[in-house]
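Shown here: run_31.txt, compact mmCIF, C-alpha atoms and all ligand atoms.
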# COMPACT_ATOMS: atom_id res chain seq x y z
CA MET A 264 0.00 0.00 0.00
CA ARG A 265 1.18 3.53 -0.80
CA SER A 266 1.98 6.12 1.86
CA PRO A 267 -0.16 9.30 1.81
CA GLN A 268 2.86 11.18 0.45
CA ALA A 269 3.26 8.67 -2.38
CA ALA A 270 -0.49 8.93 -3.06
CA VAL A 271 -0.13 12.69 -3.55
CA GLU A 272 2.81 12.12 -5.87
CA ALA A 273 0.74 9.63 -7.89
CA LEU A 274 -1.98 12.28 -8.11
CA ARG A 275 0.59 14.79 -9.40
CA ALA A 276 1.54 12.40 -12.22
CA ASP A 277 -2.07 12.49 -13.50
CA PRO A 278 -3.07 15.64 -15.45
CA CYS A 279 -6.38 15.99 -13.59
CA GLY A 280 -4.71 15.32 -10.24
CA ALA A 281 -2.03 17.90 -11.06
CA ARG A 282 -4.77 20.47 -11.62
CA LEU A 283 -6.07 19.77 -8.11
CA LEU A 284 -2.62 20.25 -6.65
CA ARG A 285 -2.28 23.61 -8.42
CA ALA A 286 -5.66 24.75 -7.14
CA PHE A 287 -5.52 23.62 -3.52
CA ALA A 288 -3.01 23.39 -0.69
CA GLY A 289 -3.03 21.72 2.71
CA GLY A 290 -5.03 23.49 5.38
CA ASP A 291 -7.59 25.11 3.06
CA GLY A 292 -10.35 22.68 3.89
CA VAL A 293 -10.50 20.88 0.52
CA HIS A 294 -9.85 17.13 0.52
CA LEU A 295 -9.92 14.30 -1.94
CA VAL A 296 -12.33 11.68 -0.57
CA GLY A 297 -13.92 8.29 -1.09
CA GLY A 298 -13.00 5.91 -3.90
CA ALA A 299 -10.20 8.12 -5.28
CA VAL A 300 -8.26 8.04 -1.99
CA ARG A 301 -8.90 4.31 -1.57
CA ASP A 302 -7.66 3.58 -5.09
CA LEU A 303 -4.60 5.86 -4.86
CA LEU A 304 -3.51 4.21 -1.60
CA LEU A 305 -4.10 0.77 -3.15
CA GLU A 306 -1.91 1.71 -6.15
CA ARG A 307 -4.92 1.58 -8.47
CA SER A 308 -6.03 4.36 -10.84
CA PRO A 309 -8.89 6.40 -9.40
CA ARG A 310 -12.08 6.25 -11.47
CA GLU A 311 -13.32 9.70 -10.45
CA LEU A 312 -12.07 12.60 -8.36
CA ASP A 313 -14.49 13.52 -5.57
CA LEU A 314 -13.71 16.43 -3.27
CA VAL A 315 -15.20 17.32 0.08
CA VAL A 316 -15.08 20.97 1.07
CA GLU A 317 -15.20 22.34 4.61
CA GLY A 318 -16.62 25.77 3.77
CA ASP A 319 -17.74 27.51 0.60
CA VAL A 320 -18.11 25.05 -2.31
CA ASP A 321 -18.60 27.75 -4.97
CA ALA A 322 -15.34 29.47 -3.97
CA ALA A 323 -13.48 26.14 -4.08
CA ALA A 324 -15.04 25.30 -7.47
CA ALA A 325 -13.91 28.67 -8.90
CA ARG A 326 -10.31 27.89 -7.97
CA LEU A 327 -10.29 24.95 -10.40
CA ARG A 328 -10.65 27.51 -13.25
CA GLY A 329 -12.92 25.24 -15.24
CA GLU A 330 -16.52 25.37 -16.31
CA ILE A 331 -18.92 24.93 -13.42
CA THR A 332 -21.54 22.80 -15.12
CA ALA A 333 -23.90 22.22 -12.22
CA HIS A 334 -24.32 23.36 -8.70
CA ASP A 335 -27.15 23.43 -6.20
CA ARG A 336 -28.28 24.87 -2.92
CA PHE A 337 -27.19 21.73 -1.03
CA GLY A 338 -23.56 22.68 -1.68
CA THR A 339 -22.49 20.54 -4.60
CA ALA A 340 -20.69 21.57 -7.78
CA LEU A 341 -19.44 19.76 -10.85
CA VAL A 342 -16.44 21.33 -12.58
CA ARG A 343 -15.09 20.37 -15.99
CA ALA A 344 -11.73 21.54 -17.30
CA ASP A 345 -9.53 20.21 -20.11
CA GLY A 346 -11.16 16.77 -20.15
CA CYS A 347 -11.14 16.45 -16.34
CA SER A 348 -14.20 16.52 -14.17
CA PHE A 349 -14.39 17.10 -10.46
CA ASP A 350 -17.28 16.57 -8.07
CA LEU A 351 -17.28 18.93 -5.11
CA VAL A 352 -19.53 18.49 -2.08
CA ARG A 353 -19.90 20.60 1.04
CA ALA A 354 -18.96 18.51 4.11
CA ARG A 355 -22.28 17.31 5.49
CA GLY A 356 -24.06 15.25 8.08
CA GLU A 357 -27.04 13.04 7.26
CA SER A 358 -30.07 11.49 8.86
CA TYR A 359 -32.64 9.02 7.56
CA ALA A 360 -36.39 9.58 8.03
CA HIS A 361 -37.07 5.86 7.57
CA PRO A 362 -35.17 2.80 6.30
CA GLY A 363 -34.49 2.95 2.58
CA ALA A 364 -35.36 6.66 2.34
CA LEU A 365 -32.96 9.10 0.73
CA PRO A 366 -31.00 10.90 3.49
CA GLU A 367 -31.78 14.37 4.83
CA VAL A 368 -28.60 16.39 4.66
CA ARG A 369 -27.24 19.42 6.53
CA PRO A 370 -23.81 21.11 6.59
CA GLY A 371 -21.40 19.26 8.90
CA THR A 372 -17.76 18.76 9.79
CA LEU A 373 -15.28 16.61 7.87
CA ASP A 374 -15.55 13.96 10.59
CA GLU A 375 -19.33 13.88 10.29
CA ASP A 376 -19.01 13.67 6.54
CA LEU A 377 -16.74 10.64 6.79
CA ARG A 378 -19.05 8.96 9.31
CA ARG A 379 -22.06 9.02 6.93
CA ARG A 380 -20.21 6.85 4.41
CA ASP A 381 -20.65 3.18 3.57
CA VAL A 382 -17.47 1.26 4.45
CA THR A 383 -14.33 2.26 6.32
CA ILE A 384 -12.08 2.07 3.25
CA ASN A 385 -14.27 4.73 1.57
CA ALA A 386 -14.23 6.98 4.65
CA ILE A 387 -10.75 8.42 4.15
CA ALA A 388 -9.93 12.02 3.18
CA LEU A 389 -6.59 13.10 1.78
CA SER A 390 -5.65 16.77 1.78
CA PHE A 391 -3.13 18.13 -0.67
CA ASP A 392 -0.30 18.30 1.85
CA ALA A 393 -0.75 14.52 2.31
CA THR A 394 -2.63 14.78 5.62
CA VAL A 395 -5.01 11.86 6.07
CA THR A 396 -8.27 12.09 8.02
CA ALA A 397 -10.13 8.80 8.34
CA VAL A 398 -12.65 6.95 10.47
CA GLU A 399 -11.19 4.59 13.02
CA GLY A 400 -9.59 1.48 11.56
CA ALA A 401 -9.91 2.63 7.92
CA LEU A 402 -6.22 2.38 7.05
CA ASP A 403 -5.87 -0.97 8.83
CA ASP A 404 -8.88 -2.30 6.89
CA LEU A 405 -7.42 -1.04 3.64
CA ARG A 406 -4.12 -2.73 4.40
CA ALA A 407 -5.86 -5.98 5.42
CA GLY A 408 -8.28 -6.00 2.48
CA MET A 409 -11.37 -5.85 4.69
CA LEU A 410 -14.82 -4.38 4.05
CA ARG A 411 -16.49 -3.11 7.21
CA VAL A 412 -19.53 -0.85 7.66
CA LEU A 413 -19.19 2.08 10.05
CA HIS A 414 -22.06 1.22 12.39
CA ASP A 415 -24.72 -1.42 13.03
CA ARG A 416 -27.58 0.54 11.41
CA SER A 417 -25.74 1.07 8.14
CA PHE A 418 -27.76 -1.42 6.06
CA VAL A 419 -31.00 -0.39 7.77
CA ASP A 420 -30.41 3.25 6.78
CA ASP A 421 -29.49 2.27 3.27
CA PRO A 422 -29.93 -1.34 2.13
CA THR A 423 -28.31 -0.56 -1.26
CA ARG A 424 -24.99 -0.65 0.59
CA VAL A 425 -25.12 -4.46 0.48
CA TRP A 426 -24.73 -4.16 -3.30
CA ARG A 427 -21.87 -1.68 -2.82
CA VAL A 428 -20.06 -4.07 -0.49
CA ALA A 429 -20.55 -6.90 -2.99
CA ARG A 430 -19.14 -4.83 -5.85
CA TYR A 431 -16.07 -3.83 -3.84
CA ALA A 432 -15.53 -7.43 -2.70
CA ALA A 433 -15.65 -8.58 -6.33
CA ARG A 434 -13.55 -5.78 -7.79
CA LEU A 435 -10.90 -5.45 -5.10
CA GLY A 436 -10.87 -9.07 -3.97
CA PHE A 437 -11.50 -7.91 -0.38
CA ASP A 438 -13.12 -9.97 2.42
CA VAL A 439 -16.26 -8.90 4.24
CA GLU A 440 -15.72 -8.55 7.99
CA GLU A 441 -17.81 -10.94 10.08
CA ARG A 442 -20.07 -8.44 11.87
CA THR A 443 -20.70 -6.67 8.54
CA ARG A 444 -21.53 -10.03 7.01
CA SER A 445 -24.19 -10.80 9.62
CA LEU A 446 -25.67 -7.29 9.31
CA ALA A 447 -25.82 -7.73 5.52
CA ALA A 448 -27.58 -11.07 5.93
CA ALA A 449 -30.29 -9.28 7.95
CA ALA A 450 -30.71 -6.39 5.48
CA ASP A 451 -34.07 -5.92 3.77
CA PRO A 452 -33.93 -4.77 0.14
CA SER A 453 -37.72 -4.52 0.00
CA THR A 454 -37.56 -1.13 1.78
CA VAL A 455 -35.75 0.35 -1.25
CA SER A 456 -37.37 1.48 -4.51
CA GLY A 457 -36.90 -0.76 -7.54
CA ASP A 458 -35.21 2.07 -9.40
CA ARG A 459 -32.49 2.38 -6.76
CA LEU A 460 -31.92 -1.39 -6.63
CA GLY A 461 -31.91 -1.38 -10.44
CA ALA A 462 -29.23 1.32 -10.44
CA GLU A 463 -27.04 -0.94 -8.26
CA LEU A 464 -27.68 -3.90 -10.55
CA ARG A 465 -26.64 -1.79 -13.56
CA LEU A 466 -23.44 -0.79 -11.76
CA ALA A 467 -22.73 -4.46 -11.05
CA LEU A 468 -23.21 -5.20 -14.76
CA ARG A 469 -20.53 -2.61 -15.55
CA GLU A 470 -17.94 -4.18 -13.24
CA PRO A 471 -14.97 -5.95 -14.83
CA ASP A 472 -16.41 -9.28 -13.64
CA PRO A 473 -20.20 -8.99 -13.10
CA PRO A 474 -20.61 -12.69 -12.12
CA ALA A 475 -18.17 -12.12 -9.24
CA ALA A 476 -20.37 -9.24 -8.02
CA PHE A 477 -23.50 -11.42 -8.34
CA GLU A 478 -21.86 -14.25 -6.43
CA ALA A 479 -20.77 -11.82 -3.74
CA VAL A 480 -24.22 -10.29 -3.29
CA LEU A 481 -25.91 -13.73 -3.20
CA ASP A 482 -23.37 -14.87 -0.65
CA LEU A 483 -24.18 -11.85 1.54
CA ASN A 484 -27.95 -11.98 1.14
CA PRO A 485 -29.88 -14.07 -1.41
CA ALA A 486 -32.86 -11.67 -1.30
CA TYR A 487 -30.94 -9.18 -3.48
CA LEU A 488 -31.47 -11.25 -6.65
CA PRO A 489 -34.61 -13.10 -7.76
CA ASP A 490 -35.20 -16.85 -7.52
CA GLY A 491 -33.66 -18.77 -10.39
CA PHE A 492 -31.00 -16.12 -11.13
CA GLU A 493 -27.75 -17.93 -12.00
CA PRO A 494 -24.76 -15.71 -11.11
CA ARG A 495 -22.17 -17.36 -13.34
CA PRO A 496 -23.81 -19.13 -16.29
CA ARG A 497 -21.51 -21.54 -18.09
CA ALA A 498 -22.36 -20.22 -21.55
CA LEU A 499 -21.55 -16.59 -20.74
CA PRO A 500 -17.81 -16.28 -21.57
CA ALA A 501 -18.20 -17.84 -25.03
CA ALA A 502 -21.29 -15.71 -25.72
CA LEU A 503 -19.48 -12.51 -24.73
CA ALA A 504 -16.60 -13.44 -27.01
CA LEU A 505 -19.07 -13.82 -29.92
CA LEU A 506 -20.99 -10.62 -29.23
CA PRO A 507 -20.34 -8.02 -31.94
CA GLY A 508 -19.48 -4.40 -31.13
CA ASP A 509 -23.05 -3.24 -31.72
CA GLY A 510 -24.36 -5.65 -29.03
CA ARG A 511 -24.92 -4.90 -25.33
CA ALA A 512 -22.71 -7.01 -23.03
CA ASP A 513 -24.74 -5.93 -19.99
CA LEU A 514 -28.04 -7.17 -21.43
CA LEU A 515 -26.45 -10.36 -22.73
CA THR A 516 -25.10 -11.03 -19.24
CA LEU A 517 -28.49 -10.42 -17.69
CA ALA A 518 -30.17 -12.71 -20.24
CA ALA A 519 -27.70 -15.52 -19.59
CA CYS A 520 -28.12 -15.22 -15.83
CA SER A 521 -31.91 -15.19 -16.02
CA ALA A 522 -32.42 -18.05 -18.49
CA GLY A 523 -33.62 -20.30 -15.65
CA MET A 524 -36.19 -17.83 -14.33
CA ASP A 525 -39.90 -18.06 -14.97
CA ALA A 526 -40.61 -15.91 -18.07
CA GLY A 527 -43.34 -13.78 -16.49
CA ALA A 528 -41.38 -13.26 -13.28
CA LEU A 529 -38.35 -12.15 -15.31
CA LEU A 530 -40.29 -9.45 -17.19
CA ARG A 531 -41.92 -8.18 -13.99
CA TRP A 532 -38.54 -8.03 -12.27
CA LEU A 533 -36.93 -6.12 -15.15
CA ASP A 534 -39.81 -3.59 -15.08
CA GLU A 535 -39.42 -3.19 -11.34
CA MET A 536 -35.67 -2.60 -11.73
CA GLY A 537 -36.35 0.30 -14.09
CA PHE A 538 -35.14 -1.18 -17.36
CA THR A 539 -36.73 0.42 -20.43
CA ALA A 540 -39.32 -1.56 -22.39
CA PRO A 541 -36.87 -2.28 -25.28
CA GLU A 542 -34.20 -3.44 -22.80
CA ARG A 543 -36.71 -5.63 -20.98
CA ASP A 544 -37.95 -7.21 -24.21
CA LEU A 545 -34.42 -7.82 -25.45
CA VAL A 546 -33.38 -9.59 -22.23
CA GLY A 547 -36.65 -11.53 -22.21
CA ALA A 548 -36.17 -12.67 -25.82
CA ALA A 549 -32.46 -13.46 -25.48
CA SER A 550 -32.95 -15.42 -22.26
CA ARG A 551 -35.57 -17.63 -23.95
CA PHE A 552 -33.51 -18.17 -27.11
CA VAL A 553 -30.72 -19.98 -25.24
CA THR A 554 -31.60 -23.40 -26.53
CA GLY A 555 -31.77 -22.11 -30.12
CA ALA A 556 -32.24 -25.62 -31.52
CA PRO A 557 -33.10 -24.57 -35.12
CA LEU A 558 -30.04 -22.31 -35.30
CA ARG A 559 -27.73 -25.07 -34.09
CA ALA A 560 -29.29 -27.59 -36.47
CA ALA A 561 -29.20 -25.31 -39.53
CA ARG A 562 -27.18 -26.83 -42.38
CA THR A 563 -27.18 -24.07 -44.99
CA ASN A 564 -26.73 -20.32 -44.85
CA ALA A 565 -30.38 -19.80 -45.70
CA GLU A 566 -31.42 -22.07 -42.81
CA ILE A 567 -29.15 -20.14 -40.47
CA ALA A 568 -30.75 -16.90 -41.64
CA ARG A 569 -34.27 -18.27 -41.18
CA ALA A 570 -33.44 -19.30 -37.59
CA ALA A 571 -31.62 -16.11 -36.60
CA ARG A 572 -33.34 -13.38 -38.59
CA GLY A 573 -35.12 -10.89 -36.35
CA ALA A 574 -33.48 -12.14 -33.16
CA PRO A 575 -31.31 -9.70 -31.19
CA VAL A 576 -27.56 -10.27 -31.65
CA GLU A 577 -27.38 -10.96 -27.90
CA ALA A 578 -29.75 -13.92 -28.34
CA VAL A 579 -27.74 -15.35 -31.22
CA ALA A 580 -24.46 -14.94 -29.32
CA LEU A 581 -25.97 -16.86 -26.41
CA VAL A 582 -26.87 -19.81 -28.63
CA GLY A 583 -23.19 -19.96 -29.62
CA GLY A 584 -21.46 -22.31 -32.03
CA ASP A 585 -20.31 -21.97 -35.64
CA ASN A 586 -23.72 -21.07 -37.05
CA ALA A 587 -24.12 -18.21 -34.59
CA ARG A 588 -20.64 -16.98 -35.45
CA ARG A 589 -21.33 -17.14 -39.18
CA TRP A 590 -24.61 -15.22 -38.77
CA LEU A 591 -23.03 -12.51 -36.60
CA ASP A 592 -19.82 -12.07 -38.59
CA GLU A 593 -21.09 -12.39 -42.15
CA LEU A 594 -24.61 -13.43 -43.02
CA ARG A 595 -26.53 -10.74 -41.13
CA HIS A 596 -24.72 -8.08 -43.19
CA VAL A 597 -25.60 -9.55 -46.58
CA ARG A 598 -28.02 -7.32 -48.53
CA LEU A 599 -29.74 -7.69 -51.89
CA GLU A 600 -28.89 -5.35 -54.73
CA ILE A 601 -32.58 -5.23 -55.69
CA ASP A 602 -35.45 -3.93 -53.59
CA GLY A 603 -39.24 -3.77 -53.59
CA ARG A 604 -39.33 -1.12 -56.33
CA ASP A 605 -37.71 -3.56 -58.74
CA LEU A 606 -40.45 -6.10 -58.09
CA LEU A 607 -43.22 -3.51 -58.47
CA ALA A 608 -41.68 -2.46 -61.77
CA ALA A 609 -41.72 -6.12 -62.84
CA GLY A 610 -45.46 -6.25 -62.21
CA ILE A 611 -45.70 -7.86 -58.74
CA PRO A 612 -48.63 -6.23 -56.91
CA GLU A 613 -48.01 -4.27 -53.72
CA GLY A 614 -48.46 -6.36 -50.54
CA PRO A 615 -46.82 -9.04 -48.41
CA GLU A 616 -45.80 -11.02 -51.48
CA ILE A 617 -43.07 -8.48 -52.21
CA GLY A 618 -41.38 -9.15 -48.87
CA ALA A 619 -41.69 -12.93 -49.27
CA ARG A 620 -40.12 -12.81 -52.73
CA LEU A 621 -37.25 -10.60 -51.57
CA GLN A 622 -36.60 -13.00 -48.72
CA ARG A 623 -36.47 -15.92 -51.14
CA ALA A 624 -33.96 -14.06 -53.30
CA LEU A 625 -31.87 -13.26 -50.24
CA ASP A 626 -31.86 -16.90 -49.14
CA ARG A 627 -30.69 -17.89 -52.64
CA LYS A 628 -27.96 -15.30 -52.47
CA LEU A 629 -26.85 -16.52 -49.02
CA ASP A 630 -26.61 -20.05 -50.37
CA GLY A 631 -24.51 -18.84 -53.32
CA GLU A 632 -27.22 -19.57 -55.89
CA ALA A 633 -27.77 -15.99 -57.00
CA SER A 634 -25.35 -13.12 -57.38
CA GLY A 635 -25.76 -9.75 -59.02
CA ARG A 636 -28.97 -7.86 -59.88
CA GLU A 637 -30.01 -10.07 -62.76
CA GLN A 638 -29.91 -13.36 -60.88
CA GLU A 639 -31.42 -11.81 -57.74
CA LEU A 640 -34.33 -10.51 -59.77
CA ARG A 641 -34.81 -13.85 -61.46
CA ALA A 642 -34.82 -15.62 -58.06
CA ALA A 643 -37.39 -13.15 -56.75
CA LEU A 644 -39.68 -13.50 -59.77
CA GLU A 645 -39.59 -17.30 -60.01
P1 LIG B 701 -16.34 3.43 -7.50
O1 LIG B 701 -14.93 3.05 -7.60
O2 LIG B 701 -17.29 2.29 -7.57
O3 LIG B 701 -16.73 4.60 -8.35
P2 LIG B 701 -16.59 5.12 -5.23
O4 LIG B 701 -16.16 4.74 -3.86
O5 LIG B 701 -15.97 6.33 -5.85
O6 LIG B 701 -16.40 3.81 -6.01
P3 LIG B 701 -19.19 6.37 -5.59
O7 LIG B 701 -20.48 5.67 -5.76
O8 LIG B 701 -18.68 7.25 -6.64
O9 LIG B 701 -18.15 5.23 -5.21
O10 LIG B 701 -19.32 7.17 -4.22
C1 LIG B 701 -18.31 8.03 -3.78
C2 LIG B 701 -18.19 7.94 -2.26
O11 LIG B 701 -19.41 8.35 -1.66
C3 LIG B 701 -17.95 6.53 -1.77
O12 LIG B 701 -16.57 6.23 -1.73
C4 LIG B 701 -18.54 6.57 -0.38
O13 LIG B 701 -17.65 7.18 0.52
C5 LIG B 701 -19.71 7.51 -0.54
N1 LIG B 701 -20.98 6.80 -0.82
C6 LIG B 701 -21.53 6.57 -2.03
N2 LIG B 701 -22.69 5.93 -1.92
C7 LIG B 701 -22.91 5.74 -0.61
C8 LIG B 701 -23.95 5.13 0.14
N3 LIG B 701 -25.01 4.55 -0.44
N4 LIG B 701 -23.83 5.14 1.49
C9 LIG B 701 -22.77 5.71 2.07
N5 LIG B 701 -21.76 6.28 1.43
C10 LIG B 701 -21.82 6.31 0.09
Now that the file is in, can you turn its structure into structure tokens?
Amino acid sequence: MRSPQAAVEALRADPCGARLLRAFAGGDGVHLVGGAVRDLLLERSPRELDLVVEGDVDAAAARLRGEITAHDRFGTALVRADGCSFDLVRARGESYAHPGALPEVRPGTLDEDLRRRDVTINAIALSFDATVTAVEGALDDLRAGMLRVLHDRSFVDDPTRVWRVARYAARLGFDVEERTRSLAAAADPSTVSGDRLGAELRLALREPDPPAAFEAVLDLNPAYLPDGFEPRPRALPAALALLPGDGRADLLTLAACSAGMDAGALLRWLDEMGFTAPERDLVGAASRFVTGAPLRAARTNAEIARAARGAPVEAVALVGGDNARRWLDELRHVRLEIDGRDLLAAGIPEGPEIGARLQRALDRKLDGEASGREQELRAALE
């Protein structure tokens, strides 16, 4: 683990970190906080630079000499400058009206601000003269690789923290401390809105190894994922490797994990979690397509096309195998040189027959039996 001094030097080596060091000095009440400090001390690259300010946030924001793109009366500001972005927050205390509610906030001290946080390793502030302020045990926990909540009501105040702990356990390879583990097991996700739980699920899907996050959350408390959800489906790695650049790895992952769920329950759950209707339908379709028997059995290009046409690329990738690969890499891009206007001009009446004839010509083309306008037209008019 790095020393605080070495963490400041690592910050200086980063262009956005260097900007912070030019703007702020020790003793002026501005501190780097949360994940950035954790990651710098762990010799990892910080994902975002969050600052906590004891005092006037707008004055601190102005010192970064960037564009202040958002700020509000609760004392937050977002500053962008030369491709960097900084989140500033007035040091605050919090209280919860009821479990699962969003917190009520008021200005507070740095210590209070650290004590409202989720786990000890995220409750560390680093000022720009390398002074560290942290909750008790935070540095020891960081050194030991241990995730520990700050107090016994933590998961009652905010049950989404169970997801946060699971994501950190998966990403950092940290252990969950025993007391924290038993508090997580007693947490009740049903006091939280579906949208907030869905936001945590979406963050888990963006982790480097989503199945590790799913396994971690199920290990802490099985109520955080629905019945029948499989955290690490066997078919997933091969399907992800097949997925083309225009596909959605997150939705493919979700479809693979939910293939064993009841179809109706899956759609209801996705709605509850705040997925859009197109996302929900894609996951629903892809999760049911996993067996894909006709696609696997297809023996010609035209048969492959008939089995895969209209299915989302995520569904085809999940079926896997050579036929899926051929469809995704080549066949789905094949287009006819003729279109409906050519058939109308040749005297075919407007209506569904046009589409059926074009499809027949395309199947011929896929099977190598028609190439060029002339032959395509002949195949369509047969
Ligand atoms: P990541 O690397 O996942 O971005 P992060 O620690 O920066 O991790 P954020 O979600 O950006 O996570 O939150 C920033 C900080 O705010 C956290 O480090 C933590 O101190 C605090 N925090 C965020 N969400 C909560 C929460 N639900 N309860 C308590 N503290 C929280």
- Message: Between atom CA of A:Asp376 and atom CA of A:Thr423, what is the distance in Å, rounded to a tenth?
- Response: 18.7 Å
- Which residue gives the smallest distance to ligand LIG 701 (chain B) among A:Thr383, A:Ser550, A:Thr563, A:Ser445, with only C-alpha atoms and all ligand atoms counted?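 The closest residue to ligand LIG 701 (chain B) is A:Thr383.
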- Task: Name the closest residue to A:Leu503 among the candidates A:Asp302, A:Asp415, A:Glu577, A:Glu639; distances are taken between atoms, counting only C-alpha atoms.
- Result: A:Glu577
- Name the closest residue to A:Trp426 among the candidates A:Gln638, A:Thr332, A:Gln268, A:Asn484; distances are taken between atoms, counting all atoms listed in the file.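 Selected residue with least distance to A:Trp426: A:Asn484.
With all atoms listed in the file as the atoms that count, the minimum distance from ligand LIG 701 (chain B) to the choices A:Arg531, A:Arg336, A:Arg588, A:Arg310 is reached by A:Arg310.
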- Note on the structure: Closest of A:Ala479, A:Leu446, A:Ala433, A:Ala270 to ligand LIG 701 (chain B), counting all atoms listed in the file, is A:Ala433
- Query: Counting all atoms listed in the file, which protein, DNA or RNA residues come within 9 Å of ligand LIG 701 (chain B), given as an NGL selection string?
  - Reply: :A and (296-302 or 309-313 or 376-387 or 417-418 or 420-424 or 427 or 430-431 or 434 or 466 or 470)
- Give me, please, the distance in Å between atom CA of A:Gly584 and atom CA of A:Asp626, quoted to one decimal.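 Straight-line distance from atom CA of A:Gly584 to atom CA of A:Asp626 works out to 20.7 Å.
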- Item | One-decimal distance in Å that lies between atom CA of A:Gly408 and atom CA of A:Leu305 |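 Between atom CA of A:Leu305 and atom CA of A:Gly408 the gap works out to 9.7 Å.
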- Skip stretch 596-600 of chain A itself and residues of its chain fewer than 4 positions away, then list as JSON, numbers by chain all residues within 9 Å of it, counting all atoms listed in the file. {"A": [590, 591, 592, 621, 624, 625, 628, 629, 634, 635, 636, 639]}
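Among the candidates A:Ala449, A:Ala276, A:Ala388, A:Val576, the residue lying nearest to A:Glu317 is A:Ala388 (atoms considered: all atoms listed in the file).
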Taking all atoms of stretch 638-645 of chain A that appear in the file, build a box with edges along x, y and z, extend it by 3 Å on every side, and state its centre and edge lengths in Å to one decimal, as lines of an AutoDock Vina configuration file.
center_x = -34.8
center_y = -13.9
center_z = -59.1
size_x = 15.8
size_y = 12.8
size_z = 10.7
- Message: Set the distance at 6 Å and use all atoms listed in the file: which residues neighbour stretch 543-549 of chain A once local chain neighbours fewer than 6 positions away are removed? I'd like the list as a list in words.
- Response: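 Counting only the stated atoms, we get Leu514, Ala518, Leu533 and Ala578 of chain A.
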Could you add whatever atoms are missing so that stretch 523-527 of chain A carries all heavy atoms, then write the result as a tab-separated table (two decimals), keeping the file's coordinate frame?
chain	number	residue	atom	x	y	z
A	523	GLY	N	-32.89	-19.30	-16.44
A	523	GLY	CA	-33.62	-20.30	-15.65
A	523	GLY	C	-34.82	-19.74	-14.91
A	523	GLY	O	-35.52	-20.46	-14.20
A	524	MET	N	-35.06	-18.43	-15.05
A	524	MET	CA	-36.19	-17.83	-14.33
A	524	MET	C	-37.49	-18.04	-15.09
A	524	MET	O	-37.49	-18.14	-16.32
A	524	MET	CB	-35.98	-16.32	-14.17
A	524	MET	CG	-34.99	-15.94	-13.10
A	524	MET	SD	-34.73	-14.14	-13.06
A	524	MET	CE	-36.33	-13.55	-12.49
A	525	ASP	N	-38.59	-18.04	-14.35
A	525	ASP	CA	-39.90	-18.06	-14.97
A	525	ASP	C	-40.05	-16.82	-15.87
A	525	ASP	O	-39.67	-15.71	-15.46
A	525	ASP	CB	-40.95	-18.06	-13.86
A	525	ASP	CG	-42.33	-17.80	-14.40
A	525	ASP	OD1	-42.89	-18.74	-14.98
A	525	ASP	OD2	-42.82	-16.66	-14.26
A	526	ALA	N	-40.59	-17.00	-17.09
A	526	ALA	CA	-40.61	-15.91	-18.07
A	526	ALA	C	-41.38	-14.68	-17.56
A	526	ALA	O	-40.91	-13.55	-17.68
A	526	ALA	CB	-41.22	-16.40	-19.38
A	527	GLY	N	-42.54	-14.90	-16.97
A	527	GLY	CA	-43.34	-13.78	-16.49
A	527	GLY	C	-42.65	-13.06	-15.34
A	527	GLY	O	-42.62	-11.82	-15.28
